[in-house]
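Here is model_22.txt, consisting of compact mmCIF, C-alpha atoms:
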```txt
# COMPACT_ATOMS: atom_id res chain seq x y z
CA MET G 1 -145.27 232.54 -31.79
CA PRO G 2 -142.03 232.00 -29.78
CA GLN G 3 -144.21 231.69 -26.67
CA LEU G 4 -146.32 229.02 -28.35
CA ILE G 5 -143.21 227.04 -29.33
CA SER G 6 -141.85 227.18 -25.76
CA VAL G 7 -145.22 225.97 -24.38
CA VAL G 8 -145.22 223.07 -26.85
CA LEU G 9 -141.64 222.20 -25.85
CA VAL G 10 -142.45 222.29 -22.14
CA LEU G 11 -145.54 220.12 -22.67
CA GLY G 12 -143.50 217.71 -24.79
CA LEU G 13 -140.79 217.42 -22.13
CA ALA G 14 -143.42 216.97 -19.42
CA PHE G 15 -145.00 214.17 -21.45
CA LEU G 16 -141.63 212.46 -21.79
CA ALA G 17 -140.94 212.83 -18.09
CA PHE G 18 -144.13 211.00 -17.20
CA SER G 19 -144.05 208.38 -19.94
CA PRO G 20 -143.73 204.79 -18.68
CA ILE G 21 -140.17 203.53 -18.85
CA CYS G 22 -139.65 200.79 -21.41
CA PHE G 23 -138.47 197.59 -19.71
CA CYS G 24 -136.11 197.04 -22.64
CA GLY G 25 -132.48 196.24 -23.04
CA LYS G 26 -130.59 198.01 -25.82
CA THR G 27 -128.12 195.58 -27.34
CA ALA G 28 -125.65 195.83 -30.20
CA GLY G 29 -128.14 194.20 -32.57
CA GLY G 30 -131.37 195.81 -31.40
CA TYR G 31 -133.79 195.85 -28.49
CA LEU G 32 -135.07 193.10 -26.21
CA TYR G 33 -138.62 193.77 -25.05
CA PRO G 34 -141.29 191.75 -23.17
CA GLN G 35 -143.84 191.83 -26.03
CA PHE G 36 -141.46 190.28 -28.59
CA TYR G 37 -143.62 187.15 -29.16
CA ASP G 38 -147.04 188.75 -28.68
CA ARG G 39 -147.87 188.33 -32.39
CA SER G 40 -145.59 185.53 -33.53
CA CYS G 41 -146.26 183.19 -30.59
CA PRO G 42 -148.85 184.65 -28.18
CA LYS G 43 -148.98 181.52 -26.01
CA ALA G 44 -145.19 181.30 -25.55
CA ARG G 45 -145.09 182.58 -21.95
CA GLU G 46 -148.07 180.45 -20.96
CA ILE G 47 -146.46 177.28 -22.38
CA VAL G 48 -143.14 177.94 -20.63
CA ASN G 49 -144.88 178.65 -17.34
CA SER G 50 -147.07 175.54 -17.37
CA ILE G 51 -144.15 173.17 -18.07
CA VAL G 52 -141.90 174.84 -15.47
CA ALA G 53 -144.74 174.66 -12.91
CA LYS G 54 -145.21 170.95 -13.60
CA ALA G 55 -141.45 170.28 -13.28
CA VAL G 56 -141.14 172.23 -10.00
CA ALA G 57 -144.24 170.51 -8.56
CA LYS G 58 -142.58 167.17 -9.35
CA GLU G 59 -139.21 168.21 -7.89
CA ALA G 60 -138.85 171.44 -5.89
CA ARG G 61 -135.09 171.54 -6.53
CA MET G 62 -135.72 172.08 -10.26
CA ALA G 63 -136.55 175.77 -9.64
CA ALA G 64 -133.01 176.46 -8.45
CA SER G 65 -131.55 174.34 -11.27
CA LEU G 66 -133.35 176.35 -13.98
CA LEU G 67 -132.38 179.66 -12.34
CA ARG G 68 -128.74 178.56 -12.21
CA LEU G 69 -128.80 177.38 -15.83
CA HIS G 70 -129.69 180.91 -17.00
CA PHE G 71 -126.89 182.39 -14.83
CA HIS G 72 -124.28 179.91 -16.11
CA ASP G 73 -125.38 180.62 -19.67
CA CYS G 74 -125.27 184.42 -19.44
CA PHE G 75 -121.76 184.52 -17.93
CA VAL G 76 -120.32 182.72 -20.98
CA LYS G 77 -120.56 184.65 -24.29
CA GLY G 78 -123.79 186.30 -23.11
CA CYS G 79 -127.34 184.91 -22.79
CA ASP G 80 -127.27 182.83 -25.97
CA ALA G 81 -128.16 179.27 -24.86
CA SER G 82 -124.58 178.08 -25.53
CA ILE G 83 -124.76 176.02 -22.31
CA LEU G 84 -127.44 173.79 -23.85
CA LEU G 85 -125.33 172.56 -26.79
CA ASP G 86 -124.08 168.98 -26.65
CA SER G 87 -120.62 168.09 -27.95
CA THR G 88 -120.40 167.33 -31.67
CA GLY G 89 -117.55 167.21 -34.17
CA SER G 90 -117.16 170.99 -34.18
CA ILE G 91 -118.50 171.87 -30.70
CA ILE G 92 -117.03 171.12 -27.28
CA SER G 93 -119.95 171.39 -24.86
CA GLU G 94 -119.91 173.70 -21.84
CA LYS G 95 -121.67 170.92 -19.91
CA GLY G 96 -118.28 169.34 -19.20
CA SER G 97 -116.73 172.45 -17.58
CA ASN G 98 -115.81 172.48 -13.88
CA PRO G 99 -118.83 174.63 -12.86
CA ASN G 100 -121.28 172.48 -14.87
CA ARG G 101 -120.02 168.88 -14.74
CA ASN G 102 -122.24 166.66 -12.52
CA SER G 103 -123.96 169.86 -11.47
CA ALA G 104 -125.83 171.77 -14.23
CA ARG G 105 -129.28 170.22 -14.68
CA GLY G 106 -132.76 170.94 -15.98
CA PHE G 107 -131.88 170.26 -19.63
CA GLU G 108 -134.83 167.85 -20.05
CA VAL G 109 -137.26 170.55 -18.87
CA ILE G 110 -135.88 172.98 -21.47
CA ASP G 111 -136.22 170.21 -24.11
CA GLU G 112 -139.86 169.65 -23.16
CA ILE G 113 -140.62 173.39 -23.38
CA LYS G 114 -138.85 173.67 -26.74
CA SER G 115 -140.75 170.70 -28.13
CA ALA G 116 -144.11 172.20 -27.06
CA LEU G 117 -143.19 175.60 -28.55
CA GLU G 118 -142.06 174.05 -31.84
CA LYS G 119 -145.53 172.46 -32.13
CA GLU G 120 -147.28 175.74 -31.29
CA CYS G 121 -145.13 178.08 -33.38
CA PRO G 122 -142.22 176.43 -35.23
CA LYS G 123 -138.82 178.18 -35.54
CA THR G 124 -139.96 181.17 -33.50
CA VAL G 125 -139.00 181.09 -29.81
CA SER G 126 -135.29 180.86 -28.97
CA CYS G 127 -133.78 178.52 -26.38
CA ALA G 128 -132.10 181.58 -24.81
CA ASP G 129 -135.50 183.20 -24.21
CA ILE G 130 -136.90 179.91 -22.85
CA MET G 131 -134.14 179.94 -20.22
CA ALA G 132 -134.76 183.60 -19.29
CA LEU G 133 -138.50 182.91 -18.84
CA SER G 134 -137.87 179.66 -16.95
CA ALA G 135 -135.60 181.49 -14.49
CA ARG G 136 -138.29 184.09 -13.78
CA ASP G 137 -141.05 181.47 -13.47
CA SER G 138 -138.91 179.34 -11.11
CA THR G 139 -138.38 182.37 -8.87
CA VAL G 140 -142.10 183.17 -8.74
CA LEU G 141 -143.15 179.53 -8.16
CA THR G 142 -140.95 179.35 -5.04
CA GLY G 143 -142.39 182.56 -3.57
CA GLY G 144 -139.98 185.09 -5.05
CA PRO G 145 -140.58 188.30 -7.01
CA SER G 146 -141.85 188.57 -10.58
CA TRP G 147 -140.54 190.83 -13.32
CA GLU G 148 -141.19 191.43 -17.00
CA VAL G 149 -138.65 189.46 -19.01
CA PRO G 150 -137.29 191.35 -22.04
CA LEU G 151 -137.31 188.92 -24.99
CA GLY G 152 -135.85 188.66 -28.49
CA ARG G 153 -132.58 186.80 -27.83
CA ARG G 154 -131.34 184.40 -30.48
CA ASP G 155 -129.31 181.22 -30.04
CA SER G 156 -125.57 180.88 -30.58
CA ARG G 157 -124.00 178.48 -33.06
CA SER G 158 -121.02 177.77 -30.80
CA ALA G 159 -120.05 177.04 -27.20
CA SER G 160 -117.04 178.01 -25.07
CA LEU G 161 -115.65 175.44 -22.65
CA SER G 162 -112.81 177.79 -21.65
CA GLY G 163 -115.28 180.64 -21.07
CA SER G 164 -117.35 178.36 -18.86
CA ASN G 165 -114.29 177.32 -16.86
CA ASN G 166 -112.95 180.87 -16.48
CA ASN G 167 -115.94 183.27 -16.32
CA ILE G 168 -118.36 181.63 -13.90
CA PRO G 169 -117.65 182.52 -10.25
CA ALA G 170 -116.58 179.49 -8.19
CA PRO G 171 -117.60 178.76 -4.56
CA ASN G 172 -113.99 179.01 -3.35
CA ASN G 173 -113.05 182.18 -5.28
CA THR G 174 -111.98 185.20 -3.25
CA PHE G 175 -114.44 188.09 -2.99
CA GLN G 176 -112.28 190.19 -5.32
CA THR G 177 -112.18 187.45 -7.97
CA ILE G 178 -115.96 187.05 -7.85
CA LEU G 179 -116.51 190.82 -8.10
CA THR G 180 -114.08 191.02 -11.05
CA LYS G 181 -116.01 188.26 -12.86
CA PHE G 182 -119.25 190.19 -12.33
CA LYS G 183 -117.69 193.47 -13.48
CA LEU G 184 -116.45 191.82 -16.68
CA GLN G 185 -120.13 191.18 -17.46
CA GLY G 186 -121.12 194.80 -16.76
CA LEU G 187 -122.54 193.94 -13.33
CA ASN G 188 -121.60 195.63 -10.05
CA VAL G 189 -121.39 194.84 -6.33
CA VAL G 190 -125.14 195.46 -5.87
CA ASP G 191 -125.92 192.91 -8.59
CA LEU G 192 -123.42 190.49 -7.06
CA VAL G 193 -125.04 190.55 -3.61
CA ALA G 194 -128.63 190.55 -4.90
CA LEU G 195 -128.05 187.69 -7.37
CA SER G 196 -126.19 185.67 -4.73
CA GLY G 197 -129.53 185.75 -2.92
CA SER G 198 -130.73 183.10 -5.39
CA HIS G 199 -128.95 180.71 -3.00
CA THR G 200 -132.09 181.01 -0.89
CA ILE G 201 -133.23 177.90 -2.83
CA GLY G 202 -131.39 174.84 -4.08
CA ASN G 203 -128.54 172.62 -3.00
CA ALA G 204 -124.76 172.52 -2.97
CA ARG G 205 -122.54 169.46 -3.20
CA CYS G 206 -120.10 168.51 -0.42
CA THR G 207 -117.22 169.04 -2.84
CA SER G 208 -118.12 172.74 -3.21
CA PHE G 209 -117.57 173.62 0.46
CA ARG G 210 -115.44 170.78 1.90
CA GLN G 211 -112.35 173.01 2.24
CA ARG G 212 -114.25 175.19 4.76
CA LEU G 213 -114.71 172.19 7.05
CA TYR G 214 -111.14 170.86 7.02
CA ASN G 215 -108.54 172.99 5.27
CA GLN G 216 -109.65 176.52 4.41
CA SER G 217 -106.26 178.17 3.92
CA GLY G 218 -104.02 175.20 3.24
CA ASN G 219 -102.93 174.96 6.90
CA GLY G 220 -105.15 171.99 7.83
CA LYS G 221 -107.54 174.20 9.80
CA PRO G 222 -111.26 174.83 9.19
CA ASP G 223 -112.81 178.15 8.27
CA TYR G 224 -113.66 179.74 11.62
CA SER G 225 -116.04 182.21 9.93
CA LEU G 226 -118.44 179.23 9.59
CA GLN G 227 -120.50 178.76 12.76
CA GLN G 228 -118.84 175.81 14.48
CA SER G 229 -121.92 173.79 15.49
CA LEU G 230 -123.12 173.98 11.87
CA ALA G 231 -119.64 172.92 10.70
CA ALA G 232 -119.78 169.87 13.00
CA GLN G 233 -123.20 168.96 11.62
CA LEU G 234 -121.96 169.28 8.02
CA ARG G 235 -118.93 167.05 8.68
CA ASN G 236 -121.30 164.13 9.40
CA ARG G 237 -122.26 163.95 5.73
CA CYS G 238 -119.30 165.69 4.13
CA PRO G 239 -116.20 163.69 5.11
CA ARG G 240 -112.58 164.57 4.32
CA SER G 241 -112.76 162.21 1.35
CA GLY G 242 -115.70 160.58 -0.42
CA GLY G 243 -119.29 161.81 -0.49
CA ASP G 244 -118.43 164.45 -3.11
CA GLN G 245 -121.95 164.46 -4.57
CA ASN G 246 -123.82 164.52 -1.21
CA LEU G 247 -126.32 167.37 -1.34
CA PHE G 248 -126.92 170.07 1.29
CA PHE G 249 -129.46 172.89 1.35
CA LEU G 250 -127.85 176.27 0.58
CA ASP G 251 -130.42 177.92 2.89
CA PHE G 252 -131.25 175.44 5.65
CA ALA G 253 -133.73 177.89 7.27
CA SER G 254 -136.27 177.85 4.39
CA PRO G 255 -134.69 175.70 1.65
CA LYS G 256 -137.63 175.64 -0.75
CA LYS G 257 -138.88 179.19 -0.24
CA PHE G 258 -137.45 182.14 -2.13
CA ASP G 259 -136.92 184.75 0.61
CA ASN G 260 -134.25 186.78 2.40
CA SER G 261 -133.34 184.15 5.02
CA TYR G 262 -130.16 183.49 2.98
CA PHE G 263 -128.88 186.92 4.13
CA LYS G 264 -129.95 186.27 7.73
CA ASN G 265 -127.95 183.04 7.64
CA ILE G 266 -124.86 184.93 6.47
CA LEU G 267 -125.21 187.40 9.37
CA ALA G 268 -125.34 184.39 11.73
CA SER G 269 -122.11 182.97 10.15
CA LYS G 270 -124.16 180.20 8.54
CA GLY G 271 -123.54 180.88 4.85
CA LEU G 272 -122.77 177.46 3.37
CA LEU G 273 -120.35 178.35 0.59
CA ASN G 274 -117.22 180.42 1.02
CA SER G 275 -118.60 182.69 -1.74
CA ASP G 276 -121.69 183.30 0.44
CA GLN G 277 -119.86 184.14 3.66
CA VAL G 278 -117.26 186.46 2.03
CA LEU G 279 -120.11 188.83 1.12
CA LEU G 280 -120.10 189.75 4.82
CA THR G 281 -116.45 189.46 5.75
CA LYS G 282 -114.39 190.82 2.86
CA ASN G 283 -115.98 194.04 1.59
CA GLU G 284 -117.73 196.92 3.31
CA ALA G 285 -120.20 197.80 0.51
CA SER G 286 -121.15 194.15 0.23
CA MET G 287 -121.52 193.81 4.03
CA GLU G 288 -123.93 196.76 4.13
CA LEU G 289 -126.04 195.23 1.35
CA VAL G 290 -126.22 191.87 3.16
CA LYS G 291 -127.51 193.71 6.25
CA LYS G 292 -130.06 195.68 4.18
CA TYR G 293 -131.47 192.61 2.46
CA ALA G 294 -131.54 190.64 5.73
CA GLU G 295 -133.68 193.45 7.17
CA SER G 296 -136.01 193.90 4.21
CA ASN G 297 -137.35 191.11 2.02
CA GLU G 298 -139.05 193.78 -0.12
CA LEU G 299 -135.77 195.57 -0.82
CA PHE G 300 -134.08 192.27 -1.74
CA PHE G 301 -136.93 191.29 -4.10
CA GLU G 302 -136.88 194.68 -5.80
CA GLN G 303 -133.13 194.58 -6.44
CA PHE G 304 -133.11 190.90 -7.41
CA SER G 305 -135.66 191.63 -10.15
CA LYS G 306 -133.61 194.55 -11.49
CA SER G 307 -130.38 192.56 -11.42
CA MET G 308 -131.99 189.59 -13.19
CA VAL G 309 -133.12 191.86 -16.05
CA LYS G 310 -129.63 193.36 -16.18
CA MET G 311 -128.00 189.92 -16.23
CA GLY G 312 -130.46 188.76 -18.91
CA ASN G 313 -129.26 191.64 -21.09
CA ILE G 314 -125.63 190.46 -21.22
CA SER G 315 -124.52 190.39 -24.89
CA PRO G 316 -127.58 188.73 -26.43
CA LEU G 317 -127.63 187.86 -30.12
CA THR G 318 -130.38 189.86 -31.82
CA GLY G 319 -131.51 190.80 -35.31
CA SER G 320 -129.97 188.41 -37.81
CA ARG G 321 -127.13 187.20 -35.56
CA GLY G 322 -127.30 183.62 -34.30
CA GLU G 323 -130.35 181.48 -35.05
CA ILE G 324 -133.54 180.03 -33.59
CA ARG G 325 -132.54 176.42 -32.88
CA LYS G 326 -135.07 173.66 -33.62
CA SER G 327 -133.50 171.58 -30.84
CA CYS G 328 -131.79 173.33 -27.96
CA ARG G 329 -129.08 170.66 -27.83
CA LYS G 330 -127.71 171.19 -31.34
CA ILE G 331 -127.26 173.91 -33.94
CA ASN G 332 -129.47 173.83 -37.02
CA SER G 333 -127.95 171.87 -39.90
```
Taking this structure as input, can you express it in the form of structure tokens?
Amino acid sequence: MPQLISVVLVLGLAFLAFSPICFCGKTAGGYLYPQFYDRSCPKAREIVNSIVAKAVAKEARMAASLLRLHFHDCFVKGCDASILLDSTGSIISEKGSNPNRNSARGFEVIDEIKSALEKECPKTVSCADIMALSARDSTVLTGGPSWEVPLGRRDSRSASLSGSNNNIPAPNNTFQTILTKFKLQGLNVVDLVALSGSHTIGNARCTSFRQRLYNQSGNGKPDYSLQQSLAAQLRNRCPRSGGDQNLFFLDFASPKKFDNSYFKNILASKGLLNSDQVLLTKNEASMELVKKYAESNELFFEQFSKSMVKMGNISPLTGSRGEIRKSCRKINS
């Protein structure tokens, strides 16, 4: 009999060892898992994908905007769609924060998705999940990796302007400050470098890197870690004053293609933002990762997918916490 029990135990452990790993995120209120809407709204993913595809076909830049929206949401009170709330009597919107003002965009696309989902399955799919799916679909549509998106987030009933101003890494932050902001969200240096790779698509405004061209350290001198012929080129459209909103590709090599050329640019001293270039110059672990991802697109894609799932698991509201908003711009009355 004891022999039989030990055989059963061994077989049981072997079964567990070879079981597929659940792509789930354990949160304080329960699990997020990819099949969350399979019964309640089976067409949810299809609806999100078709509207994102239409928006990106109309304007390629929208892919980066939707990816960034998810990032800026998750770094403030978790992935709870707080960034989508407009200001009302009781709510001060995160849209007016320094990282988001004149910069965060894609809200109309989220509205269109929400409207379509409310017709298909009312009061079911959260705005937070719409953003997580939109970020994945935007990555895939521009040639990047795909991943299963754990679902089941609910929407917050509040926003945090101070959280938005303080928690989101800024282009001119030091490497240590950026890393600290990632660590506060439970992310590490690997996540930091991989997720920075999303700058392979999209644009940056002149105001977000001007100091590198004219006055990097407050001594009236440019940042010499930026390749000087590129700096000269940038000065043409990013003057000392004025032109704040002028747009520049973050990855001039393949601006609309999600690939690892962002890391190759950094190795060539052609990272546009200070926060891009410091990945190479200010930390050894980070420098090694930049080199790895510049060498292998496959390695970058693999880690980017993992880090996006990890970021999407930051403090979501689950169970009975939060709500499923009818409109992503306002809390339910």
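Within the 6 Å cut-off around G:Arg153, using only C-alpha atoms and omitting residues fewer than 4 positions from it on the same chain, the listed residues are Asp129, Pro316, Leu317 and Thr318 of chain G.
Atom CA of G:Lys292 is positioned 24.0 Å from atom CA of G:Leu230.
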Smallest atom-to-atom distance to G:Cys121: which of G:Gly78, G:Gly143, G:Pro42, G:Pro34, using only C-alpha atoms? G:Pro42
Would you list the contacts of G:Thr177 as a PyMOL selection string, taking every protein, DNA or RNA residue within 12 Å and counting all atoms listed in the file, but skipping same-chain residues closer than 5 positions in sequence? chain G and resi 166-172+182-184+189+192+275+278+282
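Nearest to G:Gln176 of all the residues G:Ser97, G:Leu273, G:Pro222, G:Leu279 is G:Leu279, counting all atoms listed in the file.
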